[in-house]
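Visitor: File input-v2.csv follows (CSV, C-alpha atoms):
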```
chain,number,residue,atom,x,y,z
A,1,MET,CA,15.2,-21.9,-11.3
A,2,ASN,CA,15.1,-25.6,-10.3
A,3,VAL,CA,11.4,-26.4,-11.1
A,4,GLU,CA,10.5,-29.8,-12.5
A,5,VAL,CA,8.1,-30.0,-15.5
A,6,GLY,CA,4.6,-30.8,-14.2
A,7,GLU,CA,5.4,-30.0,-10.6
A,8,ASP,CA,2.2,-30.3,-8.5
A,9,ILE,CA,0.5,-26.9,-8.8
A,10,PRO,CA,-3.3,-27.0,-8.2
A,11,ILE,CA,-5.3,-26.1,-11.3
A,12,GLY,CA,-6.5,-22.5,-11.1
A,13,ARG,CA,-3.7,-21.1,-9.0
A,14,GLU,CA,-3.0,-17.6,-10.3
A,15,LEU,CA,0.1,-15.5,-10.4
A,16,ARG,CA,-0.1,-11.9,-11.7
A,17,LEU,CA,2.7,-10.2,-13.5
A,18,VAL,CA,2.7,-6.4,-13.4
A,19,THR,CA,5.1,-4.7,-15.8
A,20,ASN,CA,5.9,-1.1,-16.8
A,21,ASP,CA,8.6,0.7,-18.8
A,22,ASP,CA,11.3,-0.4,-16.3
A,23,PRO,CA,13.7,-2.6,-18.4
A,24,ARG,CA,13.7,-5.2,-15.6
A,25,SER,CA,10.1,-6.0,-16.6
A,26,THR,CA,11.6,-8.2,-19.3
A,27,ARG,CA,13.4,-10.3,-16.7
A,28,LEU,CA,10.2,-10.9,-14.8
A,29,ALA,CA,8.3,-11.6,-18.1
A,30,ASP,CA,10.9,-14.2,-19.1
A,31,PHE,CA,10.7,-15.8,-15.7
A,32,CYS,CA,6.9,-16.1,-16.0
A,33,ASP,CA,7.2,-17.5,-19.5
A,34,SER,CA,9.5,-20.2,-18.2
A,35,LEU,CA,7.2,-20.8,-15.2
A,36,SER,CA,4.1,-21.2,-17.4
A,37,ALA,CA,5.8,-23.7,-19.7
A,38,ARG,CA,6.9,-25.9,-16.7
A,39,LEU,CA,3.7,-25.6,-14.6
A,40,PRO,CA,0.6,-26.1,-16.7
A,41,GLY,CA,-1.7,-25.7,-13.7
A,42,LEU,CA,-0.6,-22.2,-13.0
A,43,GLU,CA,-2.4,-19.3,-14.7
A,44,VAL,CA,-0.2,-16.2,-15.2
A,45,ARG,CA,-2.2,-13.0,-15.7
A,46,ARG,CA,-0.3,-10.0,-17.1
A,47,GLN,CA,-1.0,-6.3,-16.9
A,48,HIS,CA,1.1,-3.3,-18.0
A,49,GLU,CA,0.9,-0.1,-15.9
A,50,SER,CA,2.3,3.3,-16.0
A,51,GLY,CA,3.8,5.0,-13.1
A,52,THR,CA,7.0,4.7,-11.0
A,53,ALA,CA,6.1,1.6,-9.0
A,54,PRO,CA,8.6,-1.3,-9.8
A,55,PRO,CA,7.5,-4.2,-11.9
A,56,HIS,CA,6.5,-7.1,-9.6
A,57,LEU,CA,4.8,-10.5,-9.2
A,58,LEU,CA,1.6,-10.7,-7.2
A,59,LEU,CA,1.2,-14.0,-5.5
A,60,PRO,CA,-2.0,-15.7,-4.4
A,61,GLY,CA,-3.0,-14.0,-1.1
A,62,GLY,CA,-1.8,-10.6,-2.3
A,63,VAL,CA,1.9,-10.8,-1.5
A,64,ARG,CA,4.1,-8.7,-3.9
A,65,TYR,CA,7.4,-10.1,-5.0
A,66,ILE,CA,9.7,-7.5,-6.6
A,67,GLY,CA,12.4,-9.6,-8.2
A,68,VAL,CA,13.0,-12.9,-9.9
A,69,PRO,CA,13.1,-15.9,-7.5
A,70,ASP,CA,16.3,-17.7,-7.9
A,71,GLY,CA,18.8,-19.6,-5.7
A,72,PHE,CA,17.6,-20.1,-2.2
A,73,GLU,CA,14.5,-18.1,-2.9
A,74,THR,CA,13.1,-20.5,-5.4
A,75,ALA,CA,11.7,-23.1,-3.0
A,76,PRO,CA,9.8,-20.7,-0.7
A,77,PHE,CA,8.4,-18.8,-3.7
A,78,MET,CA,7.2,-22.0,-5.3
A,79,ASP,CA,5.6,-23.2,-2.0
A,80,ALA,CA,3.8,-19.8,-1.8
A,81,VAL,CA,2.6,-20.0,-5.4
A,82,SER,CA,1.3,-23.5,-5.0
A,83,GLY,CA,-0.3,-22.9,-1.6
A,84,ARG,CA,1.9,-25.4,0.3
A,85,LEU,CA,3.0,-23.0,3.0
A,86,PRO,CA,1.3,-24.0,6.3
A,87,PRO,CA,-1.0,-21.4,8.0
A,88,PRO,CA,0.1,-19.7,11.2
A,89,PRO,CA,-0.3,-21.9,14.3
A,90,PRO,CA,-3.7,-21.5,16.1
A,91,ARG,CA,-2.6,-19.0,18.8
A,92,LEU,CA,-0.8,-16.8,16.3
A,93,ALA,CA,-3.8,-17.0,14.0
A,94,GLU,CA,-6.0,-15.7,16.8
A,95,ARG,CA,-3.8,-12.8,17.4
A,96,LEU,CA,-3.7,-12.0,13.7
A,97,ALA,CA,-7.5,-12.1,13.5
A,98,ALA,CA,-7.7,-9.5,16.2
A,99,LEU,CA,-5.2,-7.2,14.5
A,100,ARG,CA,-6.9,-3.8,13.8
A,101,MET,CA,-4.2,-1.8,12.3
A,102,PRO,CA,-2.9,-2.1,8.7
A,103,ALA,CA,0.8,-2.2,8.1
A,104,ALA,CA,3.2,-2.4,5.2
A,105,LEU,CA,5.9,-5.0,5.6
A,106,SER,CA,8.9,-4.9,3.3
A,107,LEU,CA,11.2,-7.9,3.4
A,108,TYR,CA,14.6,-7.5,1.7
A,109,VAL,CA,16.2,-10.8,0.5
A,110,SER,CA,18.8,-12.2,-1.8
A,111,PRO,CA,19.0,-15.4,-3.8
A,112,GLN,CA,22.3,-16.1,-2.2
A,113,CYS,CA,21.2,-15.6,1.4
A,114,THR,CA,20.7,-18.9,3.3
A,115,PHE,CA,18.7,-17.3,6.1
A,116,CYS,CA,16.2,-15.4,3.8
A,117,PRO,CA,14.0,-18.4,2.9
A,118,VAL,CA,13.2,-18.8,6.6
A,119,ALA,CA,11.9,-15.3,6.9
A,120,VAL,CA,9.9,-15.6,3.6
A,121,ARG,CA,8.3,-18.8,4.9
A,122,SER,CA,7.3,-17.3,8.2
A,123,LEU,CA,6.0,-13.9,6.9
A,124,ILE,CA,4.0,-14.9,3.9
A,125,PRO,CA,1.4,-17.0,5.9
A,126,LEU,CA,0.9,-13.9,8.1
A,127,ALA,CA,0.0,-11.7,5.2
A,128,ILE,CA,-2.3,-14.4,3.6
A,129,ALA,CA,-4.1,-14.9,6.9
A,130,GLN,CA,-4.6,-11.1,7.6
A,131,PRO,CA,-5.4,-8.9,4.6
A,132,ARG,CA,-4.5,-5.8,6.7
A,133,LEU,CA,-0.8,-6.8,6.4
A,134,ASN,CA,0.7,-5.8,3.0
A,135,LEU,CA,3.9,-7.8,2.5
A,136,THR,CA,6.4,-7.0,-0.2
A,137,VAL,CA,9.4,-9.2,-0.8
A,138,ILE,CA,12.3,-7.3,-2.5
A,139,ASP,CA,15.2,-8.9,-4.3
A,140,VAL,CA,18.1,-6.6,-3.5
A,141,VAL,CA,20.2,-8.1,-6.3
A,142,LEU,CA,17.8,-7.1,-9.1
A,143,PHE,CA,16.6,-3.9,-7.3
A,144,PRO,CA,19.6,-2.6,-5.4
A,145,GLU,CA,18.3,1.0,-5.4
A,146,MET,CA,15.4,-0.1,-3.2
A,147,ALA,CA,17.7,-1.6,-0.6
A,148,GLU,CA,19.9,1.5,-0.7
A,149,ARG,CA,17.0,3.8,-0.1
A,150,ALA,CA,15.9,1.7,2.9
A,151,GLN,CA,19.5,1.6,4.1
A,152,VAL,CA,19.5,-2.2,4.2
A,153,LEU,CA,22.9,-3.4,5.5
A,154,ALA,CA,22.2,-7.0,6.3
A,155,LEU,CA,19.9,-9.8,5.1
A,156,PRO,CA,17.2,-10.6,5.6
A,157,THR,CA,15.9,-7.3,6.8
A,158,LEU,CA,12.2,-6.5,7.5
A,159,VAL,CA,11.0,-2.9,7.5
A,160,ILE,CA,7.6,-2.0,8.9
A,161,ASP,CA,5.9,1.1,7.6
A,162,GLY,CA,9.3,2.5,6.7
A,163,ARG,CA,10.3,2.9,10.3
A,164,LEU,CA,10.8,-0.2,12.4
A,165,ARG,CA,13.2,-2.9,11.3
A,166,TRP,CA,14.6,-6.3,12.1
A,167,SER,CA,17.7,-7.9,10.5
A,168,GLY,CA,18.8,-11.5,10.8
A,169,THR,CA,16.5,-13.7,12.6
A,170,ILE,CA,12.9,-12.5,12.3
A,171,ASP,CA,10.4,-13.9,14.8
A,172,ALA,CA,6.8,-13.8,13.4
A,173,VAL,CA,5.3,-13.8,16.9
A,174,GLU,CA,7.3,-10.7,17.9
A,175,VAL,CA,6.3,-9.0,14.6
A,176,VAL,CA,2.6,-9.6,15.3
A,177,GLU,CA,2.8,-8.5,18.9
A,178,LEU,CA,4.5,-5.3,17.9
A,179,LEU,CA,1.7,-4.7,15.4
A,180,MET,CA,-1.0,-5.4,18.0
A,181,ASP,CA,0.4,-2.5,20.1
A,182,ALA,CA,0.6,0.0,17.3
A,183,ASP,CA,-0.8,3.5,17.8
A,184,PRO,CA,-3.6,4.2,15.3
A,185,ALA,CA,-2.1,7.5,14.5
A,186,ALA,CA,1.1,5.8,13.5
A,187,ILE,CA,-0.2,4.1,10.4
A,188,GLY,CA,2.3,4.9,7.7
A,189,PRO,CA,1.4,6.4,4.2
A,190,VAL,CA,2.7,3.2,2.5
A,191,ALA,CA,0.2,0.9,4.4
A,192,LEU,CA,-2.6,3.4,3.9
A,193,GLU,CA,-1.9,3.8,0.2
A,194,MET,CA,-1.9,0.1,-0.4
A,195,MET,CA,-5.3,-0.2,1.3
A,196,LEU,CA,-6.7,2.6,-0.8
A,197,LYS,CA,-5.3,1.1,-4.0
A,198,GLU,CA,-7.1,-2.1,-3.1
A,199,GLY,CA,-10.4,-0.2,-3.0
A,200,ARG,CA,-10.7,-0.3,0.8
A,201,ALA,CA,-11.4,3.4,1.4
A,202,ARG,CA,-14.6,2.7,3.4
A,203,GLU,CA,-12.6,0.4,5.7
A,204,VAL,CA,-10.0,3.2,6.2
A,205,ALA,CA,-12.9,5.6,7.1
A,206,SER,CA,-14.5,3.0,9.4
A,207,MET,CA,-11.2,2.5,11.2
A,208,MET,CA,-10.8,6.2,11.9
A,209,GLN,CA,-14.4,6.4,13.1
A,210,GLU,CA,-13.8,3.4,15.4
A,211,PHE,CA,-10.6,4.9,16.9
A,212,GLY,CA,-12.1,8.4,16.9
A,213,ARG,CA,-8.9,9.7,15.4
A,214,LEU,CA,-7.6,10.9,12.1
A,215,PHE,CA,-4.7,9.1,10.4
A,216,PRO,CA,-2.2,11.8,9.7
A,217,ALA,CA,-1.0,9.7,6.7
A,218,LEU,CA,-4.3,10.4,5.0
A,219,VAL,CA,-3.6,14.1,4.9
A,220,GLU,CA,-0.1,13.3,3.4
A,221,LEU,CA,-1.8,11.2,0.7
A,222,LEU,CA,-4.2,14.0,-0.2
A,223,ALA,CA,-1.1,16.0,-1.1
A,224,HIS,CA,0.5,13.2,-3.1
A,225,ASP,CA,2.0,13.9,-6.5
A,226,GLU,CA,0.1,10.9,-8.1
A,227,TRP,CA,-3.6,11.4,-9.0
A,228,PRO,CA,-4.7,7.8,-8.3
A,229,VAL,CA,-3.3,8.1,-4.7
A,230,ARG,CA,-5.0,11.4,-4.1
A,231,LEU,CA,-8.3,10.0,-5.5
A,232,GLY,CA,-8.2,7.1,-3.0
A,233,ALA,CA,-7.5,9.5,-0.2
A,234,MET,CA,-10.4,11.7,-1.2
A,235,VAL,CA,-12.8,8.8,-1.4
A,236,ALA,CA,-11.8,7.8,2.2
A,237,ALA,CA,-12.3,11.4,3.4
A,238,GLU,CA,-15.8,11.5,1.8
A,239,GLU,CA,-16.6,8.1,3.4
A,240,LEU,CA,-15.5,9.5,6.7
A,241,ALA,CA,-17.8,12.5,6.3
A,242,GLY,CA,-20.7,10.2,5.9
A,243,LEU,CA,-19.7,8.3,9.1
A,244,ASP,CA,-18.5,11.1,11.4
A,245,ALA,CA,-19.0,14.7,10.1
A,246,GLY,CA,-17.1,16.2,13.1
A,247,LEU,CA,-14.0,14.1,12.6
A,248,ALA,CA,-14.1,14.8,8.8
A,249,GLN,CA,-14.1,18.5,9.5
A,250,THR,CA,-11.0,18.3,11.6
A,251,LEU,CA,-9.5,16.7,8.5
A,252,ILE,CA,-10.3,19.8,6.6
A,253,ASP,CA,-8.3,21.9,9.2
A,254,ARG,CA,-5.3,19.7,8.5
A,255,VAL,CA,-5.8,20.0,4.7
A,256,TRP,CA,-5.5,23.8,5.0
A,257,VAL,CA,-2.2,23.4,6.9
A,258,ARG,CA,-0.8,21.4,4.0
A,259,PHE,CA,-2.4,23.5,1.2
A,260,GLU,CA,0.2,26.1,0.5
A,261,ALA,CA,3.0,23.5,0.1
A,262,ALA,CA,1.0,21.3,-2.2
A,263,GLY,CA,1.4,21.2,-6.0
A,264,ASN,CA,-1.3,22.8,-8.1
A,265,PRO,CA,-3.0,19.5,-9.1
A,266,ALA,CA,-3.2,18.5,-5.4
A,267,LYS,CA,-4.5,22.0,-4.5
A,268,GLY,CA,-7.3,21.6,-7.0
A,269,ASP,CA,-8.2,18.2,-5.4
A,270,MET,CA,-8.0,19.6,-1.9
A,271,LEU,CA,-10.4,22.4,-2.9
A,272,TYR,CA,-12.7,19.8,-4.4
A,273,LEU,CA,-12.7,17.9,-1.1
A,274,ILE,CA,-13.3,21.1,0.9
A,275,GLY,CA,-16.2,21.9,-1.3
A,276,GLU,CA,-17.7,18.5,-0.7
A,277,ILE,CA,-17.3,18.3,3.1
A,278,GLY,CA,-16.2,21.8,4.2
A,279,ARG,CA,-18.0,24.4,6.4
A,280,ARG,CA,-19.3,27.9,5.9
A,281,ALA,CA,-16.2,29.2,7.6
A,282,ASP,CA,-14.1,27.7,4.8
A,283,ILE,CA,-15.7,30.0,2.2
A,284,GLN,CA,-13.6,33.0,3.2
A,285,ARG,CA,-10.4,31.0,3.1
A,286,ILE,CA,-11.3,29.6,-0.3
A,287,ARG,CA,-12.0,33.1,-1.7
A,288,GLY,CA,-8.5,34.1,-0.4
A,289,VAL,CA,-7.1,31.5,-2.8
A,290,VAL,CA,-8.9,33.1,-5.7
A,291,ALA,CA,-7.6,36.5,-4.6
A,292,ASP,CA,-4.0,35.4,-4.5
A,293,ALA,CA,-3.8,35.1,-8.3
A,294,ALA,CA,-3.6,31.4,-8.3
A,295,PRO,CA,-3.3,29.4,-11.6
A,296,SER,CA,-6.5,29.0,-13.5
A,297,GLU,CA,-7.1,25.4,-12.5
A,298,VAL,CA,-6.8,26.3,-8.8
A,299,ARG,CA,-9.1,29.3,-9.2
A,300,GLU,CA,-11.7,27.3,-11.0
A,301,ALA,CA,-11.6,24.6,-8.3
A,302,ALA,CA,-11.9,27.3,-5.6
A,303,GLU,CA,-14.9,28.9,-7.3
A,304,GLU,CA,-16.6,25.5,-7.6
A,305,ALA,CA,-15.9,24.7,-3.9
A,306,VAL,CA,-17.5,28.0,-2.8
A,307,GLU,CA,-20.5,27.3,-4.9
A,308,LYS,CA,-20.9,23.8,-3.5
A,309,ILE,CA,-20.7,25.0,0.1
A,310,GLU,CA,-23.1,27.9,-0.5
A,311,ASN,CA,-25.6,25.5,-2.1
A,312,ARG,CA,-25.2,23.0,0.8
A,313,PHE,CA,-25.8,25.6,3.5
A,314,LYS,CA,-28.0,27.8,1.4
A,315,CYS,CA,-25.8,30.8,2.1
```
Would you mind writing the file out in structure tokens?
Guide:
Amino acid sequence: MNVEVGEDIPIGRELRLVTNDDPRSTRLADFCDSLSARLPGLEVRRQHESGTAPPHLLLPGGVRYIGVPDGFETAPFMDAVSGRLPPPPPRLAERLAALRMPAALSLYVSPQCTFCPVAVRSLIPLAIAQPRLNLTVIDVVLFPEMAERAQVLALPTLVIDGRLRWSGTIDAVEVVELLMDADPAAIGPVALEMMLKEGRAREVASMMQEFGRLFPALVELLAHDEWPVRLGAMVAAEELAGLDAGLAQTLIDRVWVRFEAAGNPAKGDMLYLIGEIGRRADIQRIRGVVADAAPSEVREAAEEAVEKIENRFKC
């Protein structure tokens, strides 16, 4: 990492290091130790988390960097940390401000790639200017399994919501225009999960109310294996019930469709949600769960859900 001692970093700039039990956490921690020693103006905050998410650096503006910046990636990383990257030009900034849909952008790079820094420099300002864009930069050298899962064959590669992709030259204007035309129902679970983890459940509910449509990804997250993800989805669902009861009840219909295939912890949470915002008609279906000799945790959740609905409607 070619960073000179005392390089001009404004006092108070913050970099967050998120580690876990992944052994590569040590590489990121060593990098941050070196960075702190060389850049006194930079504050590195550290937190250790459980779970399967990879260790990462969280840059000012909310951009995640999964890897250790090195080689050609050093300069754009340092410019992002120091706040030296210029904002989007006025016309593009206007389009970004009008963006209504969240999106998860995953940019795959390598320290040896001479074209990757151009993509990093063009995309980070977009994510800083528009909080609904969640940008993650992934170092394919240190995290090759992530590139393999995404079937990345060339660098740089940008993947949006796990579906759309560019490789090679990435035009920021084209990316924004594509996002402007996105179908509300096409919000991916990754983008939605990131919003919920950031505590933006009410914003998610308000967007569904605004569009008058459910986000199918929300139902997917209600059946997620991880409790914190399900919790965020349940909060968004309850917020939606307060804004648009009719739309929230169509969500319950979709929850029932996913119910049988869900794991027992997710079933319990689904029943809790049905108890909170369900209808009289749901009582019979809930009692069917109890009658099917479900595990005790599911039966208890079902009985509580029936009680809540009965109390709400004075059945």
Visitor: How many Å separate CA of Trp166 (chain A) from CA of Leu179 (chain A)?
Guide: 13.4 Å
Visitor: Compare A:Val68, A:Met195, A:Val235, A:Ala248 by their minimum atom-to-atom distance to Val140 (chain A), counting all atoms listed in the file, and give me the closest one.
Guide: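 Distance minimum relative to Val140 (chain A) lands on A:Val68.
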Visitor: Excluding Leu164 (chain A) and residues on its chain fewer than 6 positions from it, collect all residues at most 10 Å away from it, counting all atoms listed in the file, and give them as a list in words.
Guide: Leu105, Leu158 and Leu178 of chain A
Visitor: Which residues are near Ala205 (chain A)? Cut-off 6 Å, only C-alpha atoms, ignore same chain within fewer than 6 positions. Put them as number ranges by chain.
Guide: A: 236, 239-240
Visitor: Would you output that residue set with C-alpha atoms, as a CSV table (one decimal), in the frame of the given file?
Guide:
```csv
chain,number,residue,atom,x,y,z
A,236,ALA,CA,-11.8,7.8,2.2
A,239,GLU,CA,-16.6,8.1,3.4
A,240,LEU,CA,-15.5,9.5,6.7
```
Visitor: Would you please work out which residue, of A:Ala233, A:Lys267, A:Leu153, A:His56, is nearest to Arg200 (chain A) when using only C-alpha atoms?
Guide: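 The closest residue to Arg200 (chain A) is A:Ala233.
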Visitor: Counting only C-alpha atoms, note down every residue that has an atom within 9 Å of the point (6.8, 2.7, 9.7) (file coordinates), as a PyMOL selection string.
Guide: chain A and resi 103-105+159-165+186-191
Visitor: For Ala93 (chain A), which residue among A:Ala129, A:Leu243, A:Val81, A:Cys113 is the nearest when counting only C-alpha atoms?
Guide: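 That would be A:Ala129, the residue with the smallest distance to Ala93 (chain A).
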Visitor: Which residue is closest to Ile277 (chain A)? Choose from A:Leu126, A:Ala172, A:Ala305, A:Met146 and count all atoms listed in the file.
Guide: A:Ala305
Visitor: I'd like the neighbourhood of Leu222 (chain A) as a VMD selection string, where a residue qualifies if any of its atoms comes within 12 Å (using all atoms listed in the file), though same-chain residues fewer than 3 positions away should be ignored.
Guide: chain A and resid 189 192 to 193 196 215 to 219 225 to 237 251 to 252 254 to 259 261 to 263 265 to 274
Visitor: List as a VMD selection string: which residues have an atom within 10 Å of (4.8, -14.1, -15.4), counting only C-alpha atoms?
Guide: chain A and resid 14 to 19 25 to 36 43 to 47 56 to 58 68
